[in-house]
>>> print(open('start-v8.txt').read())   # compact mmCIF, C-alpha atoms and all ligand atoms
# COMPACT_ATOMS: atom_id res chain seq x y z
CA GLN A 1 39.27 -76.98 10.52
CA ARG A 2 38.44 -73.59 9.08
CA SER A 3 40.86 -71.66 6.96
CA GLU A 4 41.77 -68.11 7.85
CA ALA A 5 40.08 -66.88 4.70
CA GLU A 6 36.72 -67.67 6.32
CA PHE A 7 37.31 -65.18 9.10
CA VAL A 8 36.39 -61.57 8.74
CA THR A 9 39.41 -59.52 9.61
CA PHE A 10 38.94 -56.04 11.00
CA SER A 11 40.75 -52.79 10.66
CA VAL A 12 40.14 -49.72 12.77
CA PRO A 13 42.07 -46.45 13.26
CA SER A 14 43.93 -45.96 16.55
CA TYR A 15 42.08 -43.03 18.09
CA ALA A 16 38.44 -43.43 19.15
CA CYS A 17 37.73 -39.95 17.72
CA GLN A 18 38.62 -41.28 14.24
CA ARG A 19 35.99 -44.01 14.50
CA ARG A 20 32.21 -44.20 14.26
CA THR A 21 30.96 -45.99 17.35
CA THR A 22 27.19 -46.45 17.50
CA LEU A 23 25.20 -47.93 20.38
CA ASN A 24 24.90 -51.13 18.38
CA ASN A 25 27.72 -53.00 20.09
CA ARG A 26 28.18 -56.49 18.59
CA ASN A 27 30.74 -57.48 21.18
CA ALA A 28 28.99 -56.65 24.44
CA VAL A 29 30.13 -59.80 26.23
CA LEU A 30 33.76 -58.90 25.59
CA THR A 31 33.40 -55.17 26.21
CA ASP A 32 31.44 -55.74 29.45
CA ALA A 33 34.30 -57.89 30.71
CA LEU A 34 36.95 -55.30 29.77
CA SER A 35 34.83 -52.47 31.24
CA LEU A 36 34.56 -54.35 34.51
CA LEU A 37 38.35 -54.67 34.65
CA ALA A 38 38.61 -50.96 33.80
CA ASP A 39 36.22 -50.15 36.66
CA ASN A 40 38.25 -52.30 39.00
CA ALA A 41 41.53 -50.68 37.93
CA GLU A 42 40.06 -47.20 38.44
CA LEU A 43 38.51 -48.18 41.77
CA THR A 44 41.90 -49.33 42.98
CA GLY A 45 43.59 -46.13 41.84
CA ASP A 46 45.28 -47.52 38.73
CA GLU A 47 44.07 -44.97 36.20
CA GLY A 48 46.58 -45.93 33.51
CA ARG A 49 45.42 -49.53 33.49
CA GLY A 50 41.81 -48.36 33.52
CA VAL A 51 42.34 -46.31 30.37
CA ALA A 52 44.13 -49.21 28.67
CA PHE A 53 41.12 -51.50 29.27
CA ARG A 54 38.70 -48.76 28.15
CA ARG A 55 40.64 -48.22 24.92
CA ALA A 56 40.64 -51.96 24.25
CA ALA A 57 36.88 -52.15 24.90
CA ALA A 58 36.32 -49.15 22.60
CA VAL A 59 38.11 -50.87 19.72
CA LEU A 60 35.78 -53.87 20.06
CA LYS A 61 32.73 -51.58 20.24
CA ALA A 62 33.67 -50.17 16.83
CA LEU A 63 33.79 -53.56 15.07
CA PRO A 64 30.98 -54.23 12.55
CA LYS A 65 30.59 -57.90 13.57
CA PRO A 66 31.01 -60.13 16.61
CA VAL A 67 34.53 -61.43 17.12
CA THR A 68 34.50 -65.22 16.92
CA ASP A 69 38.18 -66.00 16.79
CA ALA A 70 41.22 -64.26 18.23
CA THR A 71 43.01 -64.30 14.87
CA GLN A 72 40.52 -61.71 13.67
CA LEU A 73 42.09 -59.20 16.05
CA ARG A 74 45.56 -59.27 14.48
CA GLY A 75 46.83 -55.81 13.77
CA LEU A 76 44.10 -53.99 15.72
CA PRO A 77 45.30 -51.04 17.82
CA CYS A 78 45.04 -50.67 21.62
CA LEU A 79 44.75 -54.38 22.37
CA GLY A 80 47.48 -55.06 24.91
CA GLU A 81 48.66 -58.42 26.14
CA HIS A 82 46.37 -58.32 29.16
CA SER A 83 43.23 -57.40 27.21
CA LEU A 84 44.00 -60.03 24.55
CA ARG A 85 44.36 -62.68 27.26
CA VAL A 86 40.93 -61.80 28.67
CA ILE A 87 39.36 -61.80 25.21
CA ASN A 88 40.96 -65.15 24.40
CA ASP A 89 39.71 -66.74 27.62
CA ILE A 90 36.16 -65.62 26.88
CA LEU A 91 36.27 -66.75 23.24
CA GLU A 92 37.66 -70.15 24.24
CA ASP A 93 35.99 -70.91 27.58
CA GLY A 94 33.01 -68.56 27.60
CA ALA A 95 34.39 -66.67 30.62
CA SER A 96 37.53 -65.14 32.07
CA ASN A 97 38.67 -66.28 35.51
CA GLU A 98 40.10 -62.88 36.24
CA VAL A 99 36.80 -61.15 35.47
CA GLU A 100 34.72 -63.66 37.41
CA SER A 101 36.94 -63.56 40.48
CA THR A 102 37.06 -59.75 40.39
CA LYS A 103 33.27 -59.66 40.23
CA ARG A 104 33.08 -61.88 43.32
CA SER A 105 35.81 -60.15 45.32
CA GLU A 106 34.72 -58.43 48.53
CA ARG A 107 36.82 -55.39 47.79
CA TYR A 108 35.35 -54.86 44.32
CA LYS A 109 31.80 -55.29 45.63
CA ALA A 110 32.39 -52.88 48.51
CA LEU A 111 34.00 -50.28 46.23
CA LYS A 112 31.06 -50.56 43.81
CA VAL A 113 28.43 -50.07 46.51
CA LEU A 114 30.23 -47.20 48.26
CA THR A 115 31.18 -45.28 45.10
CA GLY A 116 27.56 -45.76 44.04
CA VAL A 117 26.70 -43.15 46.67
CA PHE A 118 26.56 -39.72 45.00
CA GLY A 119 29.45 -37.62 46.31
CA VAL A 120 31.68 -40.59 47.16
CA GLY A 121 34.84 -40.99 45.10
CA VAL A 122 37.42 -43.72 45.00
CA LYS A 123 39.63 -42.23 47.73
CA THR A 124 36.79 -41.83 50.20
CA ALA A 125 35.47 -45.33 49.52
CA ASP A 126 38.95 -46.76 50.02
CA ARG A 127 39.35 -44.94 53.34
CA TRP A 128 35.97 -46.24 54.53
CA ILE A 129 36.77 -49.81 53.52
CA ARG A 130 40.00 -49.64 55.49
CA ALA A 131 37.90 -48.49 58.45
CA GLY A 132 35.79 -51.65 58.07
CA ILE A 133 32.79 -50.18 56.24
CA ARG A 134 31.62 -52.52 53.46
CA ASP A 135 28.04 -51.55 52.69
CA LEU A 136 25.34 -48.95 53.23
CA HIS A 137 24.31 -50.37 56.61
CA GLY A 138 27.88 -50.08 57.76
CA LEU A 139 27.93 -46.54 56.48
CA GLN A 140 24.74 -45.62 58.32
CA ASP A 141 25.70 -47.38 61.57
CA SER A 142 29.34 -46.59 62.10
CA GLY A 143 28.64 -43.10 60.78
CA PRO A 144 31.75 -41.38 59.45
CA ALA A 145 31.02 -37.68 58.96
CA LEU A 146 29.19 -37.35 55.65
CA ASN A 147 29.21 -34.11 53.69
CA ARG A 148 25.99 -32.63 52.28
CA ALA A 149 26.35 -34.35 48.89
CA GLN A 150 26.98 -37.74 50.49
CA GLN A 151 24.02 -37.37 52.85
CA ALA A 152 21.76 -36.66 49.87
CA GLY A 153 23.41 -39.52 47.98
CA LEU A 154 22.75 -41.98 50.78
CA GLN A 155 19.20 -40.78 51.28
CA HIS A 156 18.35 -41.21 47.57
CA TYR A 157 20.62 -44.21 46.93
CA ASP A 158 18.01 -46.47 45.31
CA ASP A 159 16.55 -43.80 43.04
CA LEU A 160 19.96 -42.54 41.93
CA ASN A 161 21.13 -46.05 41.08
CA GLN A 162 18.09 -46.72 38.95
CA PRO A 163 18.76 -45.67 35.34
CA VAL A 164 17.05 -42.48 34.13
CA THR A 165 14.85 -43.14 31.09
CA LYS A 166 14.61 -40.92 28.02
CA ALA A 167 11.00 -40.11 28.99
CA GLU A 168 12.22 -38.92 32.39
CA ALA A 169 15.02 -36.94 30.72
CA ASP A 170 12.41 -35.24 28.50
CA ALA A 171 10.27 -34.41 31.54
CA ILE A 172 13.33 -32.90 33.26
CA ALA A 173 14.16 -30.98 30.06
CA GLU A 174 10.71 -29.41 30.14
CA ILE A 175 11.23 -28.26 33.72
CA VAL A 176 14.70 -26.88 33.02
CA GLU A 177 13.48 -25.06 29.91
CA ARG A 178 10.63 -23.48 31.89
CA ALA A 179 13.07 -22.37 34.60
CA VAL A 180 15.55 -20.94 32.09
CA ALA A 181 12.85 -19.16 30.07
CA SER A 182 11.44 -17.49 33.16
CA VAL A 183 14.76 -16.19 34.51
CA SER A 184 16.44 -15.36 31.19
CA PRO A 185 14.20 -15.04 28.14
CA GLY A 186 16.17 -15.85 25.00
CA ALA A 187 18.59 -18.22 26.73
CA GLN A 188 18.92 -21.62 25.07
CA THR A 189 18.98 -25.05 26.69
CA THR A 190 20.55 -28.10 25.00
CA LEU A 191 20.40 -31.71 26.14
CA ILE A 192 23.98 -33.02 26.27
CA GLY A 193 25.79 -36.08 27.67
CA GLY A 194 24.63 -39.61 26.92
CA PHE A 195 21.10 -38.63 25.90
CA ARG A 196 22.50 -36.43 23.12
CA ARG A 197 24.38 -39.50 21.90
CA GLY A 198 21.04 -41.32 21.67
CA LYS A 199 21.40 -43.51 24.76
CA PRO A 200 18.03 -44.87 25.92
CA THR A 201 18.99 -44.43 29.61
CA GLY A 202 21.56 -42.56 31.67
CA HIS A 203 22.91 -42.14 35.18
CA ASP A 204 21.92 -38.48 35.09
CA VAL A 205 20.59 -35.80 32.71
CA ASP A 206 23.00 -33.13 31.44
CA PHE A 207 22.15 -29.69 30.06
CA LEU A 208 24.18 -26.92 28.48
CA ILE A 209 22.72 -23.43 28.70
CA THR A 210 23.87 -20.36 26.80
CA HIS A 211 22.56 -16.93 25.78
CA PRO A 212 22.99 -15.55 22.23
CA GLU A 213 24.19 -12.23 23.69
CA GLU A 214 27.69 -12.76 25.14
CA GLY A 215 27.75 -11.91 28.84
CA ARG A 216 24.01 -12.35 29.41
CA GLU A 217 24.69 -15.94 30.50
CA GLU A 218 26.64 -14.79 33.55
CA GLY A 219 25.00 -15.68 36.83
CA LEU A 220 22.32 -17.75 35.13
CA VAL A 221 22.85 -20.82 37.30
CA PRO A 222 22.03 -19.15 40.64
CA LYS A 223 18.87 -17.68 39.10
CA VAL A 224 17.75 -21.00 37.66
CA VAL A 225 18.50 -22.68 41.00
CA SER A 226 16.41 -20.11 42.90
CA TRP A 227 13.51 -20.67 40.53
CA LEU A 228 13.75 -24.46 40.91
CA GLU A 229 14.02 -24.14 44.69
CA SER A 230 10.97 -21.92 44.89
CA GLU A 231 9.05 -24.60 42.97
CA GLY A 232 10.26 -27.27 45.40
CA ILE A 233 12.04 -29.19 42.66
CA LEU A 234 15.52 -29.49 44.19
CA PHE A 235 16.62 -32.01 46.81
CA TYR A 236 20.22 -30.95 46.50
CA GLN A 237 22.37 -28.55 44.51
CA LYS A 238 25.94 -27.41 44.49
CA THR A 239 26.67 -24.42 42.30
CA THR A 240 30.16 -23.49 41.15
CA ARG A 241 30.83 -20.17 39.51
CA ASN A 242 32.82 -19.66 36.33
CA SER A 243 36.56 -19.43 36.91
CA TYR A 244 37.83 -19.50 33.35
CA LEU A 245 40.28 -16.90 32.08
CA GLU A 246 41.42 -17.45 28.52
CA GLY A 247 45.20 -17.77 28.32
CA LYS A 248 45.59 -18.36 32.05
CA GLU A 249 44.58 -21.53 33.88
CA SER A 250 43.04 -23.38 30.98
CA GLY A 251 45.24 -22.00 28.26
CA PRO A 252 48.52 -23.33 26.92
CA GLY A 253 49.95 -23.59 30.42
CA ARG A 254 47.50 -26.31 31.47
CA PRO A 255 46.45 -28.08 28.33
CA SER A 256 45.34 -31.48 29.51
CA SER A 257 43.03 -30.91 32.47
CA SER A 258 39.67 -32.46 31.68
CA MET A 259 37.94 -30.46 34.42
CA ASP A 260 36.50 -27.32 32.94
CA ARG A 261 35.71 -24.03 34.61
CA PHE A 262 32.19 -23.20 33.54
CA GLU A 263 29.48 -21.95 35.83
CA ARG A 264 27.68 -25.16 36.74
CA CYS A 265 25.37 -26.96 39.09
CA PHE A 266 25.39 -30.59 40.17
CA SER A 267 21.93 -31.30 41.51
CA ILE A 268 19.31 -33.82 42.51
CA PHE A 269 15.81 -33.14 41.16
CA LYS A 270 12.53 -34.24 42.69
CA LEU A 271 10.69 -35.52 39.62
CA PRO A 272 6.96 -36.31 39.94
CA LYS A 273 6.28 -39.90 38.84
CA GLU A 274 4.73 -40.45 35.40
CA GLU A 275 1.18 -41.04 36.75
CA LYS A 276 1.38 -37.70 38.52
CA ARG A 277 2.74 -35.81 35.55
CA GLY A 278 0.67 -34.73 32.57
CA ALA A 279 -3.10 -34.89 32.83
CA GLY A 280 -3.34 -37.65 35.39
CA GLN A 281 -5.91 -35.99 37.64
CA THR A 282 -8.41 -38.83 37.25
CA HIS A 283 -6.13 -41.02 39.34
CA GLY A 284 -6.61 -40.07 42.96
CA ALA A 285 -3.63 -38.66 44.77
CA ALA A 286 -2.99 -41.61 47.06
CA CYS A 287 -5.06 -44.57 45.99
CA GLY A 288 -4.60 -47.54 43.71
CA PRO A 289 -1.42 -49.58 43.40
CA GLU A 290 0.69 -46.45 43.91
CA ALA A 291 -0.59 -45.93 47.45
CA GLY A 292 2.26 -46.22 49.91
CA HIS A 293 4.78 -45.48 47.18
CA LYS A 294 6.27 -42.05 46.98
CA PRO A 295 4.81 -40.04 44.09
CA TRP A 296 8.21 -38.74 42.96
CA ARG A 297 11.68 -39.93 42.27
CA ALA A 298 15.14 -38.41 42.70
CA VAL A 299 17.16 -37.80 39.52
CA ARG A 300 20.71 -36.46 39.15
CA VAL A 301 20.84 -33.40 36.89
CA ASP A 302 23.91 -31.45 35.72
CA LEU A 303 23.54 -27.88 34.45
CA VAL A 304 26.45 -26.17 32.70
CA VAL A 305 26.45 -22.61 31.41
CA SER A 306 28.78 -21.40 28.67
CA PRO A 307 29.30 -18.01 27.02
CA VAL A 308 28.06 -18.26 23.43
CA SER A 309 31.63 -17.72 22.14
CA GLN A 310 32.66 -21.02 23.77
CA PHE A 311 29.41 -22.87 23.09
CA ALA A 312 30.72 -25.22 20.36
CA PHE A 313 33.64 -26.29 22.57
CA ALA A 314 31.36 -26.80 25.57
CA LEU A 315 28.88 -28.78 23.46
CA LEU A 316 31.64 -31.02 22.10
CA GLY A 317 33.25 -31.40 25.53
CA TRP A 318 30.04 -32.31 27.36
CA THR A 319 28.52 -34.68 24.81
CA GLY A 320 30.99 -37.46 25.56
CA SER A 321 31.54 -40.31 25.74
CA LYS A 322 34.25 -39.82 28.34
CA LEU A 323 36.64 -41.96 26.32
CA PHE A 324 35.76 -40.14 23.09
CA GLU A 325 36.60 -36.83 24.85
CA ARG A 326 39.84 -38.18 26.22
CA GLU A 327 40.83 -39.41 22.77
CA LEU A 328 39.97 -36.07 21.15
CA ARG A 329 42.30 -34.30 23.58
CA ARG A 330 45.01 -36.92 23.05
CA TRP A 331 44.66 -36.59 19.27
CA ALA A 332 44.86 -32.80 19.51
CA GLY A 333 47.97 -32.89 21.69
CA HIS A 334 49.91 -35.77 20.15
CA GLU A 335 48.99 -35.50 16.49
CA LYS A 336 48.29 -31.79 16.02
CA ALA A 337 50.25 -29.97 18.74
CA MET A 338 47.00 -28.37 19.85
CA SER A 339 45.32 -28.11 23.26
CA LEU A 340 41.61 -28.85 23.31
CA SER A 341 39.36 -28.11 26.26
CA SER A 342 35.63 -27.51 26.72
CA HIS A 343 36.46 -23.79 26.45
CA ALA A 344 38.80 -23.44 23.52
CA LEU A 345 41.27 -24.92 21.03
CA TYR A 346 44.81 -23.58 21.14
CA ASP A 347 47.33 -24.15 18.37
CA ASN A 348 50.75 -24.47 20.00
CA LYS A 349 52.64 -23.93 16.72
CA GLN A 350 50.73 -20.84 15.58
CA ARG A 351 50.48 -19.73 19.22
CA ARG A 352 46.87 -18.70 18.88
CA TYR A 353 43.34 -19.79 19.69
CA LEU A 354 41.30 -21.28 16.85
CA ARG A 355 37.73 -20.00 16.84
CA ALA A 356 34.73 -22.18 16.10
CA THR A 357 30.98 -21.74 16.20
CA SER A 358 30.07 -25.36 15.51
CA GLU A 359 31.32 -28.84 16.35
CA GLU A 360 31.95 -29.38 12.63
CA GLU A 361 34.48 -26.53 12.61
CA ILE A 362 36.32 -27.99 15.60
CA PHE A 363 36.68 -31.39 13.92
CA ALA A 364 37.93 -29.57 10.80
CA HIS A 365 40.52 -27.60 12.82
CA LEU A 366 41.67 -30.93 14.27
CA GLY A 367 41.94 -32.53 10.82
CA LEU A 368 39.29 -35.11 11.73
CA GLU A 369 36.26 -36.31 9.84
CA PHE A 370 33.10 -35.06 11.58
CA ILE A 371 31.61 -37.71 13.86
CA PRO A 372 27.98 -37.01 14.88
CA PRO A 373 26.95 -37.47 18.54
CA SER A 374 25.22 -40.81 17.88
CA GLU A 375 28.56 -42.21 16.68
CA ARG A 376 30.61 -40.99 19.65
CA ASN A 377 29.62 -43.92 21.87
CA ALA A 378 33.18 -45.16 22.32
P1 LIG B 401 25.56 -41.23 31.65
O1 LIG B 401 24.46 -41.66 30.76
O2 LIG B 401 26.05 -42.34 32.53
O3 LIG B 401 25.25 -40.00 32.42
P2 LIG B 401 27.31 -39.54 30.19
O4 LIG B 401 28.13 -39.77 28.98
O5 LIG B 401 26.21 -38.54 30.08
O6 LIG B 401 26.78 -40.94 30.66
P3 LIG B 401 28.38 -37.90 32.33
O7 LIG B 401 29.22 -38.33 33.49
O8 LIG B 401 27.06 -37.35 32.64
O9 LIG B 401 28.32 -39.16 31.35
O10 LIG B 401 29.25 -36.86 31.53
C1 LIG B 401 28.82 -36.25 30.34
C2 LIG B 401 29.96 -35.54 29.68
O11 LIG B 401 30.38 -34.44 30.44
C3 LIG B 401 31.19 -36.43 29.49
O12 LIG B 401 31.63 -36.28 28.18
C4 LIG B 401 32.23 -35.88 30.41
O13 LIG B 401 33.49 -35.91 29.81
C5 LIG B 401 31.77 -34.46 30.64
N1 LIG B 401 32.02 -34.07 32.03
C6 LIG B 401 31.45 -34.60 33.12
N2 LIG B 401 31.90 -34.00 34.23
C7 LIG B 401 32.76 -33.05 33.83
C8 LIG B 401 33.56 -32.07 34.48
N3 LIG B 401 33.55 -31.94 35.80
N4 LIG B 401 34.31 -31.25 33.73
C9 LIG B 401 34.32 -31.38 32.40
N5 LIG B 401 33.59 -32.26 31.72
C10 LIG B 401 32.84 -33.09 32.41
MN MN B 402 25.15 -37.93 31.79
MN MN B 403 26.73 -35.68 34.13
>>> encode(input="start-v8.txt", output="C-alpha cells", more="lines below")
Ligand code: ATP
Ligand code: MN
Ligand code: MN
Amino acid sequence: QRSEAEFVTFSVPSYACQRRTTLNNRNAVLTDALSLLADNAELTGDEGRGVAFRRAAAVLKALPKPVTDATQLRGLPCLGEHSLRVINDILEDGASNEVESTKRSERYKALKVLTGVFGVGVKTADRWIRAGIRDLHGLQDSGPALNRAQQAGLQHYDDLNQPVTKAEADAIAEIVERAVASVSPGAQTTLIGGFRRGKPTGHDVDFLITHPEEGREEGLVPKVVSWLESEGILFYQKTTRNSYLEGKESGPGRPSSSMDRFERCFSIFKLPKEEKRGAGQTHGAACGPEAGHKPWRAVRVDLVVSPVSQFAFALLGWTGSKLFERELRRWAGHEKAMSLSSHALYDNKQRRYLRATSEEEIFAHLGLEFIPPSERNA
C-alpha cells in the first residue's frame, strides 16, 4: 500500500496556450486512446465531444512524467468524467473497452479509410457509407461522382497516407524557394505547420510566403503555380484568391471563424525519390532494386500568402497545433475580450486592431508568456 505522498501530483494551467507542450509526450498510451475517441467523435459529427477529448489529451501531453495512478490527476483542468473513465480503465486494466471496440467497429474503420482520401470530409464519407461504400474498392467500383480533388486523392492514396519525412519536407522547401525566387525576387518563404514545431514527420508540408513590400505579394500563388506546372511538379492544385477585408468579414463581426482568407493553394507535388534527387546519376534510371517502382512520390503541399503587415498573425495562425490555435482564440475571446485570427487581433473594448510584427508581440498583447513553436505541440 503506497501513501499518497509517494505520488507526483501535477498542476497545469487551463488553456493549452498557457502551457509548454513539447513532442516528448510521456503519456502517449493515454493520449493515443483519447485522440482516437476524439477522431471518432469528429467523424460522427460530434465536434463538441471531439474538442473535449482533445483538450483532455492535451493536458496529459503537458505532464512532465507518466501518470501511474488516477489520484495524480486530481485538480487538473479539462478532464471530464468520460475522459477520466477512459484513463482509469487504461491505468487499471491496460486498455479501455470503449477505445478497443471503437477501433474494431466497422463504421469507424470505414470513416477512417474514406476520410483518408484527400478531398473527402466527414459529411461525404458518411453519405457514402450510407450508400454502402466501405472501402476504396467500393469507392472505385460503385463509382459515385468524384470531384477533381477526390480523384487525385484516390489515385495517390498510398503515397498521401505515408508520412512525409523532414528530409522530404526540406526537398520540397528547396523547390518552393526556387519557384518563389524566380517569380518574385525578394519574396520570403517560411516553413510552417508541424515541421516548424519540430515534428519529424507530417501529413503534408506547409509554407507561408510574403514579400517585404506590402502589395507585392498579391497574385503570387498563381505565378508560383504556373512555374511549378511548367516544371511538371504538380499533380493537383486548387488556388483560392485572397478575400480578406479588414473590418468586414473577418473583423469584429465574425471573430471566431478559424478559416482564414489568404491567397492559398492546396496541392499535390510530384517529388522525385531520394535516389533520383541530388547527384545520383551513377545509379541508372531504371535498374537495380528500384526498377518497377515509380521514381517519384506524391506529397501534399499547402502554400499560403500573406501581406507583410499580417505576417506575424499568419505565422502564428499556421504554425499550429490545431488545438493550440483553438485555445489561443478561446483565450483571446473569453479572457481578454479580443478576437484573434490569422489576419489580425482586434480589441473589443478599445475597439481597435492591435498591430504586431512578431509572434512575441502577439503573445504580449494577449497577456501570455511567449511559447516557442517547439512547445506548441498541444
Ligand atoms: P501535419 O503534420 O499533420 O500536417 P499540421 O499541424 O501541420 O500537422 P495542418 O493541417 O497542415 O497540420 O495545419 C497546419 C496549421 O494550419 C494548423 O495550425 C491549422 O490550424 C492551420 N490551418 C490549416 N488549414 C487552415 C485553413 N483552411 N484556414 C486557416 N488555418 C488553417
Ligand atoms: Mn501540416
Ligand atoms: Mn496543411
>>> atom_distance(input="start-v8.txt", atom1="atom CA of Gly119 of chain A", atom2="atom CA of Gly194 of chain A")
20.1 Å
>>> closest_atom_pairs(input="start-v8.txt", of="chain A", to="ligand MN 403 (chain B)", cutoff="10 Å", atoms="only C-alpha atoms and all ligand atoms", output="JSON lines")
{"residue": "A:Ile192", "atom": "CA", "partner": "B:MN403", "partner_atom": "MN", "distance": 8.7}
{"residue": "A:Gly193", "atom": "CA", "partner": "B:MN403", "partner_atom": "MN", "distance": 6.5}
{"residue": "A:Gly194", "atom": "CA", "partner": "B:MN403", "partner_atom": "MN", "distance": 8.5}
{"residue": "A:Gly202", "atom": "CA", "partner": "B:MN403", "partner_atom": "MN", "distance": 9.0}
{"residue": "A:His203", "atom": "CA", "partner": "B:MN403", "partner_atom": "MN", "distance": 7.6}
{"residue": "A:Asp204", "atom": "CA", "partner": "B:MN403", "partner_atom": "MN", "distance": 5.6}
{"residue": "A:Val205", "atom": "CA", "partner": "B:MN403", "partner_atom": "MN", "distance": 6.3}
{"residue": "A:Asp206", "atom": "CA", "partner": "B:MN403", "partner_atom": "MN", "distance": 5.3}
{"residue": "A:Phe207", "atom": "CA", "partner": "B:MN403", "partner_atom": "MN", "distance": 8.6}
{"residue": "A:Phe266", "atom": "CA", "partner": "B:MN403", "partner_atom": "MN", "distance": 8.0}
{"residue": "A:Ser267", "atom": "CA", "partner": "B:MN403", "partner_atom": "MN", "distance": 9.8}
{"residue": "A:Arg300", "atom": "CA", "partner": "B:MN403", "partner_atom": "MN", "distance": 7.9}
{"residue": "A:Val301", "atom": "CA", "partner": "B:MN403", "partner_atom": "MN", "distance": 6.9}
{"residue": "A:Asp302", "atom": "CA", "partner": "B:MN403", "partner_atom": "MN", "distance": 5.3}
{"residue": "A:Leu303", "atom": "CA", "partner": "B:MN403", "partner_atom": "MN", "distance": 8.4}
{"residue": "A:Val304", "atom": "CA", "partner": "B:MN403", "partner_atom": "MN", "distance": 9.6}
{"residue": "A:Trp318", "atom": "CA", "partner": "B:MN403", "partner_atom": "MN", "distance": 8.3}
{"residue": "A:Thr319", "atom": "CA", "partner": "B:MN403", "partner_atom": "MN", "distance": 9.5}
{"residue": "A:Gly320", "atom": "CA", "partner": "B:MN403", "partner_atom": "MN", "distance": 9.7}
>>> write_last_selection(input="start-v8.txt", atoms="C-alpha atoms", output="CSV table (one decimal), in the frame of the given file")
chain,number,residue,atom,x,y,z
A,192,ILE,CA,24.0,-33.0,26.3
A,193,GLY,CA,25.8,-36.1,27.7
A,194,GLY,CA,24.6,-39.6,26.9
A,202,GLY,CA,21.6,-42.6,31.7
A,203,HIS,CA,22.9,-42.1,35.2
A,204,ASP,CA,21.9,-38.5,35.1
A,205,VAL,CA,20.6,-35.8,32.7
A,206,ASP,CA,23.0,-33.1,31.4
A,207,PHE,CA,22.2,-29.7,30.1
A,266,PHE,CA,25.4,-30.6,40.2
A,267,SER,CA,21.9,-31.3,41.5
A,300,ARG,CA,20.7,-36.5,39.2
A,301,VAL,CA,20.8,-33.4,36.9
A,302,ASP,CA,23.9,-31.4,35.7
A,303,LEU,CA,23.5,-27.9,34.4
A,304,VAL,CA,26.4,-26.2,32.7
A,318,TRP,CA,30.0,-32.3,27.4
A,319,THR,CA,28.5,-34.7,24.8
A,320,GLY,CA,31.0,-37.5,25.6
>>> atom_distance(input="start-v8.txt", atom1="atom CA of Glu174 of chain A", atom2="atom CA of Val308 of chain A")
21.7 Å
>>> atom_distance(input="start-v8.txt", atom1="atom CA of Glu92 of chain A", atom2="atom CA of Glu47 of chain A")
28.6 Å
>>> residues_near_point(input="start-v8.txt", point="(29.1, -47.3, 46.1)", cutoff="12 Å", atoms="only C-alpha atoms", output="tab-separated table (two decimals) with C-alpha atoms, in the coordinates of the input")
chain	number	residue	atom	x	y	z
A	43	LEU	CA	38.51	-48.18	41.77
A	107	ARG	CA	36.82	-55.39	47.79
A	108	TYR	CA	35.35	-54.86	44.32
A	109	LYS	CA	31.80	-55.29	45.63
A	110	ALA	CA	32.39	-52.88	48.51
A	111	LEU	CA	34.00	-50.28	46.23
A	112	LYS	CA	31.06	-50.56	43.81
A	113	VAL	CA	28.43	-50.07	46.51
A	114	LEU	CA	30.23	-47.20	48.26
A	115	THR	CA	31.18	-45.28	45.10
A	116	GLY	CA	27.56	-45.76	44.04
A	117	VAL	CA	26.70	-43.15	46.67
A	118	PHE	CA	26.56	-39.72	45.00
A	119	GLY	CA	29.45	-37.62	46.31
A	120	VAL	CA	31.68	-40.59	47.16
A	121	GLY	CA	34.84	-40.99	45.10
A	122	VAL	CA	37.42	-43.72	45.00
A	123	LYS	CA	39.63	-42.23	47.73
A	124	THR	CA	36.79	-41.83	50.20
A	125	ALA	CA	35.47	-45.33	49.52
A	126	ASP	CA	38.95	-46.76	50.02
A	128	TRP	CA	35.97	-46.24	54.53
A	129	ILE	CA	36.77	-49.81	53.52
A	133	ILE	CA	32.79	-50.18	56.24
A	134	ARG	CA	31.62	-52.52	53.46
A	135	ASP	CA	28.04	-51.55	52.69
A	136	LEU	CA	25.34	-48.95	53.23
A	137	HIS	CA	24.31	-50.37	56.61
A	139	LEU	CA	27.93	-46.54	56.48
A	150	GLN	CA	26.98	-37.74	50.49
A	153	GLY	CA	23.41	-39.52	47.98
A	154	LEU	CA	22.75	-41.98	50.78
A	157	TYR	CA	20.62	-44.21	46.93
A	158	ASP	CA	18.01	-46.47	45.31
A	160	LEU	CA	19.96	-42.54	41.93
A	161	ASN	CA	21.13	-46.05	41.08
>>> residues_near_point(input="start-v8.txt", point="(44.8, -55.6, 30.1)", cutoff="9 Å", atoms="only C-alpha atoms", output="ChimeraX atom specification")
/A:34,37-38,49-50,52-53,56,79-86
>>> closest_residue(input="start-v8.txt", among="A:Val221, A:Ile233, A:Val164, A:Met259", to="ligand LIG 401 (chain B)", atoms="all atoms listed in the file")
A:Met259
>>> closest_atom_pairs(input="start-v8.txt", of="segment 133-185 of chain A", to="segment 208-214 of chain A", cutoff="9 Å", atoms="all atoms listed in the file", output="JSON lines")
{"residue": "A:Val180", "atom": "CA", "partner": "A:Ile209", "partner_atom": "CA", "distance": 8.3}
{"residue": "A:Ser184", "atom": "CA", "partner": "A:His211", "partner_atom": "CA", "distance": 8.3}
{"residue": "A:Pro185", "atom": "CA", "partner": "A:His211", "partner_atom": "CA", "distance": 8.9}
>>> axis_aligned_box(input="start-v8.txt", around="segment 101-107 of chain A", padding_each_side="8 Å", output="JSON")
{"center_x": 35.1, "center_y": -59.5, "center_z": 44.4, "size_x": 20.0, "size_y": 24.2, "size_z": 24.3}
>>> closest_residue(input="start-v8.txt", among="A:Val299, A:Glu218, A:Val176, A:Val12", to="ligand MN 402 (chain B)", atoms="only C-alpha atoms and all ligand atoms")
A:Val299
>>> residues_around(input="start-v8.txt", residues="Glu325 of chain A", least_positions_apart="4", cutoff="12 Å", atoms="all atoms listed in the file", output="list in words")
Tyr15, Ala16, Cys17, Gln18, Gly193, Ser256, Ser257, Ser258, Met259, Phe313, Ala314, Leu315, Leu316, Gly317, Trp318, Thr319, Gly320, Ser321, Arg329, Arg330, Trp331, Ala332, Leu340, Ser341, Ser342, Pro373, Arg376, Asn377 and Ala378 of chain A
>>> residues_around(input="start-v8.txt", residues="Thr357 of chain A", least_positions_apart="6", cutoff="8 Å", atoms="all atoms listed in the file", output="PyMOL selection string")
chain A and resi 309-312
>>> closest_residue(input="start-v8.txt", among="A:Lys270, A:Lys65, A:Arg26, A:Lys223", to="Ala152 of chain A", atoms="only C-alpha atoms")
A:Lys270
>>> residues_around(input="start-v8.txt", residues="Leu234 of chain A", least_positions_apart="4", cutoff="9 Å", atoms="all atoms listed in the file", output="PyMOL selection string")
chain A and resi 225+228-230+267-271
